[in-house]
Amino acid sequence: MARGRAATYDDQREAILARAAELFAHRGYAATTMNDIADACGLSKATLYHYVDDKYALLVSICEDHVDTLRALVDDVDALRLPPEARLRELIRRFVQAYAGAQHAHRVLTEDVRFLDAADRERVLGTERELVAGIARTVAAVRPELAQAHLAKPLTMLLFGMINWMFTWVRPDGPLDHDALAPIVADLFLGGLPAVKPPQPVTA
């Protein structure tokens, strides 16, 4: 009869993923070994293999878990049925908060997704495209004429450019934390959004 998993199995696996993400973010995926991860987790290598198959499986899990969490944020906010501007503000707030607590996973997704096999990479990037599309729909709802000019996605990517790397300069002990900065990001984006004009068609 197969032995069942311990009650702490999932918690231990989550801790391993977190430590692996930290090591990948600081050292790079290629330069990190399973020995490094076992040492960082305070586990023997044999115990580590009880929770994960190999280093590649860790990379897949880190990337998938991160994008799945972000996509779930979009779904949760959509379910609130807020007016477009309020929905966009809530999306910005939640993404800023999520990035604050997942900076290592986010760096791994950004820098190490290239190490994924084609099928795994396409699955992860497909989920990423879905969440970008969800936010782009909200931007389009705020300014429908910009969607007609095919600007909703570019504006969404510019928004991500504002928040993706906040963790590299926001300090937990600084005068402003992520919670304080989230509405500022929303004000900056929404304050500038009304000024965006669709480009005029080029005439011969």
# chains A, B, ... in the order shown; residues from 1 in each chain; ligands from 1

call {"tool": "residues_around", "arguments": {"residues": "Ala86 in chain A", "least_positions_apart": "6", "cutoff": "12 Å", "atoms": "only C-alpha atoms", "output": "VMD selection string"}}
result
chain A and resid 77 to 78 80 92 to 93 138 to 139 141 to 142 183 186 to 187 190

call {"tool": "select_by_dssp", "arguments": {"residues": "chain A", "states": "helix (DSSP H, G or I)", "output": "PyMOL selection string"}}
result
chain A and resi 9-27+34-41+45-51+55-79+84-101+103-115+118-142+144-148+152-163+166-168+178-195

call {"tool": "closest_residue", "arguments": {"among": "A:His26, A:Arg89, A:Arg114, A:Lys45", "to": "Val185 in chain A", "atoms": "only C-alpha atoms"}}
result
A:Arg89

call {"tool": "closest_residue", "arguments": {"among": "A:Ala20, A:Val113, A:Ala25, A:Val196", "to": "Ile37 in chain A", "atoms": "only C-alpha atoms"}}
result
A:Ala20

call {"tool": "residues_around", "arguments": {"residues": "Val170 in chain A", "least_positions_apart": "5", "cutoff": "12 Å", "atoms": "only C-alpha atoms", "output": "PyMOL selection string"}}
result
chain A and resi 96+99-100+103+163-165+175-182

call {"tool": "closest_residue", "arguments": {"among": "A:Ala72, A:Arg87, A:Ala40, A:His106", "to": "Thr168 in chain A", "atoms": "only C-alpha atoms"}}
result
A:His106

call {"tool": "closest_residue", "arguments": {"among": "A:Leu91, A:Ala136, A:Ala152, A:Ile184", "to": "Asp76 in chain A", "atoms": "only C-alpha atoms"}}
result
A:Leu91

call {"tool": "closest_residue", "arguments": {"among": "A:Ala118, A:Val108, A:Ile16, A:Ala31", "to": "Glu64 in chain A", "atoms": "only C-alpha atoms"}}
result
A:Val108

call {"tool": "residues_around", "arguments": {"residues": "Leu17 in chain A", "least_positions_apart": "6", "cutoff": "8 Å", "atoms": "only C-alpha atoms", "output": "list in words"}}
result
Leu58, Ser61 and Ile62 of chain A

call {"tool": "write_last_selection", "arguments": {"atoms": "C-alpha atoms", "output": "PDB file, in the first residue's frame"}}
result
ATOM      1  CA  LEU A  58      11.393  23.615 -10.245  1.00  0.00           C
ATOM      2  CA  SER A  61       6.624  25.230 -11.343  1.00  0.00           C
ATOM      3  CA  ILE A  62       7.983  28.662 -10.422  1.00  0.00           C
TER       4      ILE A  62
END

call {"tool": "closest_residue", "arguments": {"among": "A:Cys41, A:Ile135, A:Arg171, A:Asp68", "to": "Ala21 in chain A", "atoms": "only C-alpha atoms"}}
result
A:Cys41

call {"tool": "residues_around", "arguments": {"residues": "Leu155 in chain A", "least_positions_apart": "2", "cutoff": "12 Å", "atoms": "only C-alpha atoms", "output": "VMD selection string"}}
result
chain A and resid 132 to 133 135 to 140 142 to 143 146 to 147 149 to 153 157 to 162 189 to 190 192 to 194 196 to 198

call {"tool": "write_last_selection", "arguments": {"atoms": "N, CA and C atoms", "output": "PDB file, in the first residue's frame"}}
result
ATOM      1  N   VAL A 132      -2.392  39.713 -19.898  1.00  0.00           N
ATOM      2  CA  VAL A 132      -2.181  41.005 -20.562  1.00  0.00           C
ATOM      3  C   VAL A 132      -3.438  41.405 -21.321  1.00  0.00           C
ATOM      4  N   ALA A 133      -4.053  40.437 -22.008  1.00  0.00           N
ATOM      5  CA  ALA A 133      -5.280  40.724 -22.758  1.00  0.00           C
ATOM      6  C   ALA A 133      -6.398  41.159 -21.827  1.00  0.00           C
ATOM      7  N   ILE A 135      -6.140  42.826 -19.001  1.00  0.00           N
ATOM      8  CA  ILE A 135      -5.935  44.223 -18.607  1.00  0.00           C
ATOM      9  C   ILE A 135      -6.151  45.145 -19.805  1.00  0.00           C
ATOM     10  N   ALA A 136      -5.735  44.690 -20.982  1.00  0.00           N
ATOM     11  CA  ALA A 136      -5.949  45.507 -22.183  1.00  0.00           C
ATOM     12  C   ALA A 136      -7.435  45.748 -22.422  1.00  0.00           C
ATOM     13  N   ARG A 137      -8.261  44.763 -22.129  1.00  0.00           N
ATOM     14  CA  ARG A 137      -9.710  44.958 -22.281  1.00  0.00           C
ATOM     15  C   ARG A 137     -10.220  46.049 -21.342  1.00  0.00           C
ATOM     16  N   THR A 138      -9.633  46.116 -20.160  1.00  0.00           N
ATOM     17  CA  THR A 138     -10.053  47.159 -19.223  1.00  0.00           C
ATOM     18  C   THR A 138      -9.586  48.528 -19.697  1.00  0.00           C
ATOM     19  N   VAL A 139      -8.354  48.612 -20.203  1.00  0.00           N
ATOM     20  CA  VAL A 139      -7.877  49.879 -20.775  1.00  0.00           C
ATOM     21  C   VAL A 139      -8.789  50.299 -21.920  1.00  0.00           C
ATOM     22  N   ALA A 140      -9.184  49.353 -22.751  1.00  0.00           N
ATOM     23  CA  ALA A 140     -10.074  49.656 -23.876  1.00  0.00           C
ATOM     24  C   ALA A 140     -11.436  50.129 -23.396  1.00  0.00           C
ATOM     25  N   VAL A 142     -11.947  51.865 -20.712  1.00  0.00           N
ATOM     26  CA  VAL A 142     -11.774  53.246 -20.250  1.00  0.00           C
ATOM     27  C   VAL A 142     -11.716  54.199 -21.438  1.00  0.00           C
ATOM     28  N   ARG A 143     -10.996  53.815 -22.485  1.00  0.00           N
ATOM     29  CA  ARG A 143     -10.863  54.647 -23.682  1.00  0.00           C
ATOM     30  C   ARG A 143     -11.150  53.814 -24.927  1.00  0.00           C
ATOM     31  N   LEU A 146      -9.278  54.306 -28.224  1.00  0.00           N
ATOM     32  CA  LEU A 146      -7.888  53.856 -28.298  1.00  0.00           C
ATOM     33  C   LEU A 146      -7.825  52.392 -28.707  1.00  0.00           C
ATOM     34  N   ALA A 147      -8.805  51.626 -28.290  1.00  0.00           N
ATOM     35  CA  ALA A 147      -8.864  50.221 -28.714  1.00  0.00           C
ATOM     36  C   ALA A 147      -9.068  50.132 -30.214  1.00  0.00           C
ATOM     37  N   ALA A 149      -7.982  52.130 -32.310  1.00  0.00           N
ATOM     38  CA  ALA A 149      -6.703  52.493 -32.932  1.00  0.00           C
ATOM     39  C   ALA A 149      -5.606  51.495 -32.589  1.00  0.00           C
ATOM     40  N   HIS A 150      -5.995  50.347 -32.008  1.00  0.00           N
ATOM     41  CA  HIS A 150      -5.055  49.267 -31.664  1.00  0.00           C
ATOM     42  C   HIS A 150      -4.007  49.720 -30.649  1.00  0.00           C
ATOM     43  N   LEU A 151      -4.419  50.569 -29.719  1.00  0.00           N
ATOM     44  CA  LEU A 151      -3.487  51.074 -28.708  1.00  0.00           C
ATOM     45  C   LEU A 151      -3.691  50.437 -27.330  1.00  0.00           C
ATOM     46  N   ALA A 152      -4.733  49.635 -27.157  1.00  0.00           N
ATOM     47  CA  ALA A 152      -5.008  49.094 -25.821  1.00  0.00           C
ATOM     48  C   ALA A 152      -3.861  48.223 -25.322  1.00  0.00           C
ATOM     49  N   LYS A 153      -3.354  47.327 -26.173  1.00  0.00           N
ATOM     50  CA  LYS A 153      -2.263  46.457 -25.729  1.00  0.00           C
ATOM     51  C   LYS A 153      -0.956  47.235 -25.536  1.00  0.00           C
ATOM     52  N   MET A 157       1.170  47.370 -22.058  1.00  0.00           N
ATOM     53  CA  MET A 157       2.585  47.029 -21.902  1.00  0.00           C
ATOM     54  C   MET A 157       3.371  48.191 -21.301  1.00  0.00           C
ATOM     55  N   LEU A 158       2.988  49.421 -21.633  1.00  0.00           N
ATOM     56  CA  LEU A 158       3.627  50.583 -20.994  1.00  0.00           C
ATOM     57  C   LEU A 158       3.304  50.619 -19.501  1.00  0.00           C
ATOM     58  N   LEU A 159       2.080  50.243 -19.156  1.00  0.00           N
ATOM     59  CA  LEU A 159       1.703  50.170 -17.744  1.00  0.00           C
ATOM     60  C   LEU A 159       2.550  49.131 -17.018  1.00  0.00           C
ATOM     61  N   PHE A 160       2.696  47.959 -17.626  1.00  0.00           N
ATOM     62  CA  PHE A 160       3.553  46.938 -17.015  1.00  0.00           C
ATOM     63  C   PHE A 160       4.993  47.427 -16.885  1.00  0.00           C
ATOM     64  N   GLY A 161       5.428  48.236 -17.838  1.00  0.00           N
ATOM     65  CA  GLY A 161       6.769  48.800 -17.741  1.00  0.00           C
ATOM     66  C   GLY A 161       6.950  49.660 -16.500  1.00  0.00           C
ATOM     67  N   MET A 162       5.869  50.267 -16.041  1.00  0.00           N
ATOM     68  CA  MET A 162       5.931  51.082 -14.821  1.00  0.00           C
ATOM     69  C   MET A 162       6.047  50.227 -13.567  1.00  0.00           C
ATOM     70  N   PHE A 189      -0.977  56.747 -14.429  1.00  0.00           N
ATOM     71  CA  PHE A 189      -1.421  56.140 -15.683  1.00  0.00           C
ATOM     72  C   PHE A 189      -2.754  56.717 -16.132  1.00  0.00           C
ATOM     73  N   LEU A 190      -3.726  56.746 -15.224  1.00  0.00           N
ATOM     74  CA  LEU A 190      -5.047  57.240 -15.587  1.00  0.00           C
ATOM     75  C   LEU A 190      -5.051  58.746 -15.814  1.00  0.00           C
ATOM     76  N   GLY A 192      -2.610  60.332 -17.221  1.00  0.00           N
ATOM     77  CA  GLY A 192      -2.041  60.554 -18.546  1.00  0.00           C
ATOM     78  C   GLY A 192      -2.853  59.936 -19.658  1.00  0.00           C
ATOM     79  N   LEU A 193      -3.661  58.911 -19.340  1.00  0.00           N
ATOM     80  CA  LEU A 193      -4.428  58.216 -20.365  1.00  0.00           C
ATOM     81  C   LEU A 193      -5.370  59.133 -21.150  1.00  0.00           C
ATOM     82  N   PRO A 194      -6.054  60.086 -20.503  1.00  0.00           N
ATOM     83  CA  PRO A 194      -6.924  60.971 -21.277  1.00  0.00           C
ATOM     84  C   PRO A 194      -6.179  61.816 -22.311  1.00  0.00           C
ATOM     85  N   VAL A 196      -3.753  60.762 -24.233  1.00  0.00           N
ATOM     86  CA  VAL A 196      -3.288  59.963 -25.370  1.00  0.00           C
ATOM     87  C   VAL A 196      -4.222  60.160 -26.551  1.00  0.00           C
ATOM     88  N   LYS A 197      -3.635  60.438 -27.699  1.00  0.00           N
ATOM     89  CA  LYS A 197      -4.422  60.637 -28.922  1.00  0.00           C
ATOM     90  C   LYS A 197      -4.066  59.548 -29.929  1.00  0.00           C
ATOM     91  N   PRO A 198      -5.060  58.957 -30.563  1.00  0.00           N
ATOM     92  CA  PRO A 198      -4.760  57.981 -31.617  1.00  0.00           C
ATOM     93  C   PRO A 198      -3.945  58.634 -32.713  1.00  0.00           C
TER      94      PRO A 198
END

call {"tool": "atom_distance", "arguments": {"atom1": "CA of Leu43 in chain A", "atom2": "CA of Arg19 in chain A"}}
result
11.7 Å
